[in-house]
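Since the structure comes first, as structure tokens, the remarks are kept for the end.
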Amino acid sequence: MNRPLPLGWLLAAVILVVVPAALWLFGSAYAARLAQLVLITALLAAALNLLIGTAGLLSLDTVVYYGFGAYLTAILSTNYGTTLPTEILAAAAAGALLGGLIGWPLVRLASIFFAVATMGLATIFHTTVLNWVDLTRGPMGYRGIPAFKLGEFTIDGWAGNYYVIAVVVLGGVWIVHRLTHSYYGNAMRAAREDEDCARAMGLSPHALKLQAYAVHASLMSVAGALYAHANNFLSPDNFVLLESGLTLTAVVVGGLGSLPGAFIGALVVVLVPELLRPLGNLRAFGFGMILFLSILFLPRGLWSEVSSLAFVRRHLFREGWLKR
Amino acid sequence: MSSLLEIDRLSRHFHGLRAVDEVSFGVNRGELVGLIGPNGAGKTTVFNCIAGTLAPTLGELRFDGARITGFAPERVAALGIARTFQNLRVFPDITVYDNVSVGAIGRAGVSFAGALLPFLERGRTRRIADSTSTALERFGLAAHAGTLAGNLSYGQKKLLEIARALALEPKLLLLDEPAAGLNGNETEALAVLVRDLRDAGLTILLVEHDMPMVMRVCDRIVVLDSGRLIADGAPAQVRADAAVRAAYLGDDS
């Protein structure tokens, strides 16, 4: 319980110092943009990991809450000139509320039925965004979303954007880490493994799953808020079922139940398609092939919960880099 | 001795089949009561009605003086009734420590806020950690704390289930066939353990087919046959009972 997380500090150092330094020295606007996307995708993957890895609910509704937060922020900042703290809080609260309302009946469904229902939600969301033109500007997309604002101060330039996103994403991942690495996480895992038995131990699986679902919705909605500003432009095409699939891919490729894995998975799903650009028309084929083979040969992901803990113990402790 | 659990004309019907038919008996504080009978006699159905897994069709259950008829399992557990399952129900993909902690969590409770801000619930967290370690030590599972429960031997899983139930710090422990599938030595160790728990003051209701064990450890034995109670008394008395011999024990026991 409450295992020390030296990896957490390492991760924060890489994200807050190493990556910005590298971007500053060698980077381009394009690289900075990719770095922001990786971070946002990592938050989505961490939130989905909480739901799938810990609570055991296989969900394909990422785009619903991600898109909800994005459009909410676009509308707020364009029409009311809101600032960053307001937007993050609004996205988190509204996301949790929406997740709670939808989750109430939804989390009663078991395994595959839950997954199919969330696919339905993703489709409903896309259709709504596409057709509610007065609110979302429909297929034309939401253009000219202003930059992040902190008080009177407008954050522009890649460094400012990057740091806003990095800090919020790290905060969100910290929340997921706390929830999963605590007795609360144990209760959730128990509910995942055997619902009846968990009830016999005095736990309420429905309440636990509903809380996991609402938290995941809240975090994804916050990721959406970041995306709206980072991209300045939203289109219904950003929120199709396939995008949910990509987040799921990041979770599985990175390693189910592992938070470092969420970052690694995000790196893979954002960067690999970019690196494959030289393949031209074969790019999507190559990306699909990499995913297919990685699941065949690395079913536990690149950094599974078990292997990551074993890694820390074996190397850091045995080598005497850290004291037990 | 006062009654901790009272079962009053409990009936449970399944589509006209009277699995349990007007069964009444009590379990006194500190008593170890055996519930026996042939397969299909309704023992597990009685268990499931007490634990809240099944709602009784008719009749009433009282625990610690209060009515608990038809309560949900989590509510029954919160009142202080812990159970084990006939077919093993450990959480296979989490560690032994985490399995046992679930019982302690059920007792102490956890909250979302407490997970995010640990200082809010320091006392609670310590209680969970303490009862988990105590239960692990008591059942000799401390050495396996970090093992995934699914990788334990069958006998260890049985012990793990009891340890997890005890981490709930129950007033009443329901054991559903704890000796099933255990070898002679393991059954012997289990009998000693169950007796120790009873001697430490725990009230236990035990369903078991291993007659030598039941006869040796129980203070009192209740016998069911085809959903009806046919005997209720001390082990020697039950063993000598003609109806019980005819229905269950046979003449050679």
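Ordering of the structure tokens sets the chain letters (A, B, ...); residue numbers start at 1 within each chain; ligands are numbered from 1 in the order shown.
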
Show me, as a tab-separated table, the residues of stretch 73-110 of chain A having an atom within 7 Å of stretch 63-69 of chain A, each with the closest atom pair and its distance in Å, using only C-alpha atoms.
residue	atom	partner	partner_atom	distance
A:Thr73	CA	A:Gly69	CA	6.1
A:Ala91	CA	A:Gly69	CA	5.2
A:Gly95	CA	A:Tyr65	CA	6.4

Let me see the file: selected residues, C-alpha atoms, as an mmCIF file, in the first residue's frame.
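Writing done, so here's out_25.cif:
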data_model
loop_
_atom_site.group_PDB
_atom_site.id
_atom_site.type_symbol
_atom_site.label_atom_id
_atom_site.label_comp_id
_atom_site.auth_asym_id
_atom_site.auth_seq_id
_atom_site.Cartn_x
_atom_site.Cartn_y
_atom_site.Cartn_z
ATOM 1 C CA THR A 73 -14.737 25.025 -22.942
ATOM 2 C CA ALA A 91 -15.192 20.861 -17.142
ATOM 3 C CA GLY A 95 -18.043 16.010 -16.596
#

Go through chain A residue by residue and, counting only C-alpha atoms, keep those with an atom at most 12 Å from chain B; for each kept residue give the shortest atom pair and its distance in Å to one decimal, ordered by chain and increasing number, as JSON lines.
{"residue": "A:Met1", "atom": "CA", "partner": "B:Asp98", "partner_atom": "CA", "distance": 8.8}
{"residue": "A:Asn2", "atom": "CA", "partner": "B:Pro118", "partner_atom": "CA", "distance": 9.8}
{"residue": "A:Gly53", "atom": "CA", "partner": "B:Asp93", "partner_atom": "CA", "distance": 11.5}
{"residue": "A:Thr54", "atom": "CA", "partner": "B:Ile94", "partner_atom": "CA", "distance": 10.6}
{"residue": "A:Gly56", "atom": "CA", "partner": "B:Asp93", "partner_atom": "CA", "distance": 11.7}
{"residue": "A:Gly171", "atom": "CA", "partner": "B:Leu116", "partner_atom": "CA", "distance": 11.3}
{"residue": "A:Gly172", "atom": "CA", "partner": "B:Leu116", "partner_atom": "CA", "distance": 11.2}
{"residue": "A:Val173", "atom": "CA", "partner": "B:Leu116", "partner_atom": "CA", "distance": 11.7}
{"residue": "A:Trp174", "atom": "CA", "partner": "B:Leu116", "partner_atom": "CA", "distance": 8.9}
{"residue": "A:Ile175", "atom": "CA", "partner": "B:Leu116", "partner_atom": "CA", "distance": 6.5}
{"residue": "A:Val176", "atom": "CA", "partner": "B:Leu116", "partner_atom": "CA", "distance": 8.9}
{"residue": "A:His177", "atom": "CA", "partner": "B:Leu116", "partner_atom": "CA", "distance": 9.0}
{"residue": "A:Arg178", "atom": "CA", "partner": "B:Leu116", "partner_atom": "CA", "distance": 5.6}
{"residue": "A:Leu179", "atom": "CA", "partner": "B:Ala115", "partner_atom": "CA", "distance": 5.5}
{"residue": "A:Thr180", "atom": "CA", "partner": "B:Ala115", "partner_atom": "CA", "distance": 8.5}
{"residue": "A:His181", "atom": "CA", "partner": "B:Ala115", "partner_atom": "CA", "distance": 8.4}
{"residue": "A:Ser182", "atom": "CA", "partner": "B:Ala115", "partner_atom": "CA", "distance": 6.0}
{"residue": "A:Tyr183", "atom": "CA", "partner": "B:Val110", "partner_atom": "CA", "distance": 6.9}
{"residue": "A:Tyr184", "atom": "CA", "partner": "B:Val110", "partner_atom": "CA", "distance": 5.7}
{"residue": "A:Gly185", "atom": "CA", "partner": "B:Ala115", "partner_atom": "CA", "distance": 8.2}
{"residue": "A:Asn186", "atom": "CA", "partner": "B:Asp98", "partner_atom": "CA", "distance": 6.2}
{"residue": "A:Ala187", "atom": "CA", "partner": "B:Val102", "partner_atom": "CA", "distance": 6.1}
{"residue": "A:Met188", "atom": "CA", "partner": "B:Val102", "partner_atom": "CA", "distance": 9.6}
{"residue": "A:Arg189", "atom": "CA", "partner": "B:Ile94", "partner_atom": "CA", "distance": 7.6}
{"residue": "A:Ala190", "atom": "CA", "partner": "B:Phe91", "partner_atom": "CA", "distance": 6.4}
{"residue": "A:Ala191", "atom": "CA", "partner": "B:Phe91", "partner_atom": "CA", "distance": 9.2}
{"residue": "A:Arg192", "atom": "CA", "partner": "B:Phe91", "partner_atom": "CA", "distance": 9.0}
{"residue": "A:Glu193", "atom": "CA", "partner": "B:Phe91", "partner_atom": "CA", "distance": 5.7}
{"residue": "A:Asp194", "atom": "CA", "partner": "B:Phe91", "partner_atom": "CA", "distance": 6.6}
{"residue": "A:Glu195", "atom": "CA", "partner": "B:Phe91", "partner_atom": "CA", "distance": 9.9}
{"residue": "A:Asp196", "atom": "CA", "partner": "B:Thr53", "partner_atom": "CA", "distance": 8.1}
{"residue": "A:Cys197", "atom": "CA", "partner": "B:Arg89", "partner_atom": "CA", "distance": 6.8}
{"residue": "A:Ala198", "atom": "CA", "partner": "B:Val102", "partner_atom": "CA", "distance": 7.7}
{"residue": "A:Arg199", "atom": "CA", "partner": "B:Glu74", "partner_atom": "CA", "distance": 4.7}
{"residue": "A:Ala200", "atom": "CA", "partner": "B:Pro73", "partner_atom": "CA", "distance": 5.3}
{"residue": "A:Met201", "atom": "CA", "partner": "B:Gly103", "partner_atom": "CA", "distance": 5.4}
{"residue": "A:Gly202", "atom": "CA", "partner": "B:Glu74", "partner_atom": "CA", "distance": 3.9}
{"residue": "A:Leu203", "atom": "CA", "partner": "B:Gly106", "partner_atom": "CA", "distance": 5.6}
{"residue": "A:Ser204", "atom": "CA", "partner": "B:Glu74", "partner_atom": "CA", "distance": 6.5}
{"residue": "A:Pro205", "atom": "CA", "partner": "B:Glu74", "partner_atom": "CA", "distance": 9.5}
{"residue": "A:His206", "atom": "CA", "partner": "B:Glu74", "partner_atom": "CA", "distance": 11.3}
{"residue": "A:Ala207", "atom": "CA", "partner": "B:Ser111", "partner_atom": "CA", "distance": 10.7}
{"residue": "A:Leu208", "atom": "CA", "partner": "B:Phe112", "partner_atom": "CA", "distance": 9.1}
{"residue": "A:Lys209", "atom": "CA", "partner": "B:Phe112", "partner_atom": "CA", "distance": 11.8}
{"residue": "A:Leu210", "atom": "CA", "partner": "B:Phe112", "partner_atom": "CA", "distance": 11.5}
{"residue": "A:Gln211", "atom": "CA", "partner": "B:Phe112", "partner_atom": "CA", "distance": 8.0}
{"residue": "A:Ala212", "atom": "CA", "partner": "B:Phe112", "partner_atom": "CA", "distance": 9.4}
{"residue": "A:Ala214", "atom": "CA", "partner": "B:Phe112", "partner_atom": "CA", "distance": 11.4}
{"residue": "A:Val215", "atom": "CA", "partner": "B:Phe112", "partner_atom": "CA", "distance": 9.8}
{"residue": "A:Gly257", "atom": "CA", "partner": "B:Ile94", "partner_atom": "CA", "distance": 11.9}
{"residue": "A:Glu305", "atom": "CA", "partner": "B:Ile94", "partner_atom": "CA", "distance": 11.5}
{"residue": "A:Val306", "atom": "CA", "partner": "B:Leu148", "partner_atom": "CA", "distance": 10.6}
{"residue": "A:Leu309", "atom": "CA", "partner": "B:Gly146", "partner_atom": "CA", "distance": 11.7}
{"residue": "A:Ala310", "atom": "CA", "partner": "B:Gly146", "partner_atom": "CA", "distance": 11.8}

Restricting it to C-alpha atoms, dump the selection as a compact mmCIF listing (two decimals), in the first residue's frame.
# COMPACT_ATOMS: atom_id res chain seq x y z
CA MET A 1 0.00 0.00 0.00
CA ASN A 2 1.06 3.55 -0.71
CA GLY A 53 -7.82 -1.64 -15.34
CA THR A 54 -9.11 -0.98 -11.83
CA GLY A 56 -13.01 -3.60 -14.82
CA GLY A 171 -2.53 16.64 -11.53
CA GLY A 172 -5.08 14.36 -13.18
CA VAL A 173 -2.68 11.43 -13.30
CA TRP A 174 -1.83 12.02 -9.64
CA ILE A 175 -5.55 11.69 -8.81
CA VAL A 176 -5.73 8.38 -10.66
CA HIS A 177 -2.56 7.22 -8.91
CA ARG A 178 -3.98 8.05 -5.48
CA LEU A 179 -7.28 6.33 -6.22
CA THR A 180 -5.68 3.14 -7.52
CA HIS A 181 -2.86 2.87 -4.98
CA SER A 182 -4.99 3.02 -1.88
CA TYR A 183 -7.45 0.84 0.01
CA TYR A 184 -10.11 2.56 -2.06
CA GLY A 185 -8.46 1.03 -5.14
CA ASN A 186 -8.48 -2.36 -3.42
CA ALA A 187 -12.20 -2.05 -2.86
CA MET A 188 -12.67 -1.26 -6.55
CA ARG A 189 -10.54 -4.21 -7.64
CA ALA A 190 -12.54 -6.48 -5.34
CA ALA A 191 -15.77 -5.26 -6.94
CA ARG A 192 -14.22 -5.93 -10.34
CA GLU A 193 -13.14 -9.48 -9.49
CA ASP A 194 -16.26 -10.80 -7.78
CA GLU A 195 -19.24 -8.57 -7.21
CA ASP A 196 -21.19 -10.94 -4.94
CA CYS A 197 -18.19 -11.65 -2.82
CA ALA A 198 -17.39 -7.94 -2.50
CA ARG A 199 -20.95 -7.38 -1.28
CA ALA A 200 -20.53 -10.14 1.28
CA MET A 201 -17.53 -8.15 2.55
CA GLY A 202 -19.73 -5.11 3.07
CA LEU A 203 -18.82 -3.18 -0.08
CA SER A 204 -21.24 -1.67 -2.56
CA PRO A 205 -19.98 -2.51 -6.07
CA HIS A 206 -22.52 -0.21 -7.71
CA ALA A 207 -21.38 2.81 -5.71
CA LEU A 208 -17.71 2.03 -6.36
CA LYS A 209 -18.19 1.56 -10.10
CA LEU A 210 -20.32 4.67 -10.35
CA GLN A 211 -17.63 6.70 -8.60
CA ALA A 212 -14.96 5.32 -10.95
CA ALA A 214 -17.83 9.71 -12.75
CA VAL A 215 -14.14 10.34 -12.02
CA GLY A 257 -3.51 -0.89 -14.86
CA GLU A 305 1.51 -3.08 -13.66
CA VAL A 306 3.29 -6.26 -12.68
CA LEU A 309 6.69 -2.92 -10.12
CA ALA A 310 9.09 -5.78 -10.66

Distance in Å - atom CA of A:Ala31 versus atom CA of A:His229
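Computed distance, atom CA of A:Ala31 to atom CA of A:His229, equals 17.1 Å.
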
I'd like to know which of B:Ile230, B:Ala242, B:Ala180, B:Leu4 is closest to B:Leu32, using only C-alpha atoms.
B:Leu4

Run DSSP on the backbone and tell me which residues of stretch 132-276 of chain A come out as alpha helix (DSSP H); list them as an MDAnalysis selection string.
chainID A and resid 133:136 158:180 183:193 195:200 205:231 241:254 259:275

Restricting the output to C-alpha atoms, write the selected residues as a short mmCIF file (atom, residue, chain, number, x, y, z; two decimals), in the first residue's frame.
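Heads up, here's the output in result26.cif:
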data_model
loop_
_atom_site.label_atom_id
_atom_site.label_comp_id
_atom_site.auth_asym_id
_atom_site.auth_seq_id
_atom_site.Cartn_x
_atom_site.Cartn_y
_atom_site.Cartn_z
CA VAL A 133 -25.59 23.43 -35.22
CA ASP A 134 -26.76 26.35 -33.03
CA LEU A 135 -24.62 25.16 -30.18
CA THR A 136 -21.69 23.39 -31.80
CA TRP A 158 4.17 26.73 -27.24
CA ALA A 159 6.00 26.86 -23.89
CA GLY A 160 3.09 28.44 -22.02
CA ASN A 161 0.61 26.06 -23.58
CA TYR A 162 2.86 23.11 -22.88
CA TYR A 163 3.24 23.96 -19.20
CA VAL A 164 -0.46 24.57 -18.62
CA ILE A 165 -1.22 21.20 -20.17
CA ALA A 166 1.64 19.43 -18.38
CA VAL A 167 0.61 20.69 -14.95
CA VAL A 168 -3.08 19.84 -15.39
CA VAL A 169 -2.28 16.41 -16.85
CA LEU A 170 0.14 15.58 -14.03
CA GLY A 171 -2.53 16.64 -11.53
CA GLY A 172 -5.08 14.36 -13.18
CA VAL A 173 -2.68 11.43 -13.30
CA TRP A 174 -1.83 12.02 -9.64
CA ILE A 175 -5.55 11.69 -8.81
CA VAL A 176 -5.73 8.38 -10.66
CA HIS A 177 -2.56 7.22 -8.91
CA ARG A 178 -3.98 8.05 -5.48
CA LEU A 179 -7.28 6.33 -6.22
CA THR A 180 -5.68 3.14 -7.52
CA TYR A 183 -7.45 0.84 0.01
CA TYR A 184 -10.11 2.56 -2.06
CA GLY A 185 -8.46 1.03 -5.14
CA ASN A 186 -8.48 -2.36 -3.42
CA ALA A 187 -12.20 -2.05 -2.86
CA MET A 188 -12.67 -1.26 -6.55
CA ARG A 189 -10.54 -4.21 -7.64
CA ALA A 190 -12.54 -6.48 -5.34
CA ALA A 191 -15.77 -5.26 -6.94
CA ARG A 192 -14.22 -5.93 -10.34
CA GLU A 193 -13.14 -9.48 -9.49
CA GLU A 195 -19.24 -8.57 -7.21
CA ASP A 196 -21.19 -10.94 -4.94
CA CYS A 197 -18.19 -11.65 -2.82
CA ALA A 198 -17.39 -7.94 -2.50
CA ARG A 199 -20.95 -7.38 -1.28
CA ALA A 200 -20.53 -10.14 1.28
CA PRO A 205 -19.98 -2.51 -6.07
CA HIS A 206 -22.52 -0.21 -7.71
CA ALA A 207 -21.38 2.81 -5.71
CA LEU A 208 -17.71 2.03 -6.36
CA LYS A 209 -18.19 1.56 -10.10
CA LEU A 210 -20.32 4.67 -10.35
CA GLN A 211 -17.63 6.70 -8.60
CA ALA A 212 -14.96 5.32 -10.95
CA TYR A 213 -17.15 6.15 -13.92
CA ALA A 214 -17.83 9.71 -12.75
CA VAL A 215 -14.14 10.34 -12.02
CA HIS A 216 -13.12 9.03 -15.43
CA ALA A 217 -15.75 11.25 -17.07
CA SER A 218 -14.52 14.24 -15.10
CA LEU A 219 -10.86 13.71 -16.04
CA MET A 220 -11.67 13.14 -19.71
CA SER A 221 -13.76 16.29 -19.73
CA VAL A 222 -10.75 18.19 -18.36
CA ALA A 223 -8.59 16.66 -21.10
CA GLY A 224 -11.17 17.98 -23.57
CA ALA A 225 -10.92 21.47 -22.07
CA LEU A 226 -7.14 21.39 -22.65
CA TYR A 227 -7.59 20.14 -26.18
CA ALA A 228 -10.03 22.89 -27.12
CA HIS A 229 -7.48 25.58 -26.28
CA ALA A 230 -4.44 23.69 -27.56
CA ASN A 231 -6.07 23.10 -30.94
CA LEU A 241 -15.79 6.17 -32.13
CA LEU A 242 -12.38 5.48 -33.66
CA GLU A 243 -10.85 8.06 -31.32
CA SER A 244 -12.21 6.10 -28.35
CA GLY A 245 -10.53 3.09 -29.89
CA LEU A 246 -7.22 4.95 -30.02
CA THR A 247 -7.39 5.75 -26.31
CA LEU A 248 -8.21 2.12 -25.61
CA THR A 249 -5.20 1.20 -27.73
CA ALA A 250 -2.97 3.51 -25.70
CA VAL A 251 -4.17 1.79 -22.53
CA VAL A 252 -3.63 -1.73 -23.82
CA VAL A 253 -0.33 -1.08 -25.59
CA GLY A 254 1.02 0.81 -22.57
CA LEU A 259 0.21 4.67 -15.07
CA PRO A 260 3.67 4.88 -16.66
CA GLY A 261 2.06 2.70 -19.32
CA ALA A 262 -0.53 5.42 -19.97
CA PHE A 263 2.25 7.80 -21.01
CA ILE A 264 4.05 5.17 -23.06
CA GLY A 265 0.81 4.15 -24.74
CA ALA A 266 0.03 7.81 -25.51
CA LEU A 267 3.50 8.24 -27.00
CA VAL A 268 2.91 5.24 -29.24
CA VAL A 269 -0.53 6.18 -30.53
CA VAL A 270 0.40 9.84 -31.14
CA LEU A 271 3.97 9.52 -32.40
CA VAL A 272 4.00 6.29 -34.37
CA PRO A 273 1.50 7.53 -36.99
CA GLU A 274 3.65 10.68 -37.32
CA LEU A 275 6.87 8.69 -37.68
#

For A:Pro236, which residue among A:Ile290, A:Tyr142, A:Leu282, A:Arg277 is the nearest when counting only C-alpha atoms?
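Counting only C-alpha atoms, the residue closest to A:Pro236 is A:Tyr142.
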
I need the residues of stretch 40-148 of chain B that end up classed as strand (DSSP E) by DSSP on the backbone, written out as a ChimeraX atom specification.
/B:58-63,66-67,81-83

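Ranking A:Leu97, A:Ala92, A:Thr83, A:Ala55 by their shortest atom-to-atom distance to A:Ser111, with only C-alpha atoms included, puts A:Ala55 first.
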
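Between B:Thr45 and the residues B:Ala66, B:Leu120, B:Val23, B:Ile204, the shortest atom-to-atom distance, using only C-alpha atoms, involves B:Val23.
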
Best match for closeness to A:Ile112 among A:Leu58, A:Ala74, A:Leu11, A:Phe153, counting only C-alpha atoms:
A:Leu58

What is the distance between atom CA of A:Pro146 and atom CA of A:Ala13, in Å to one decimal?
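Those two atoms sit 29.2 Å apart.
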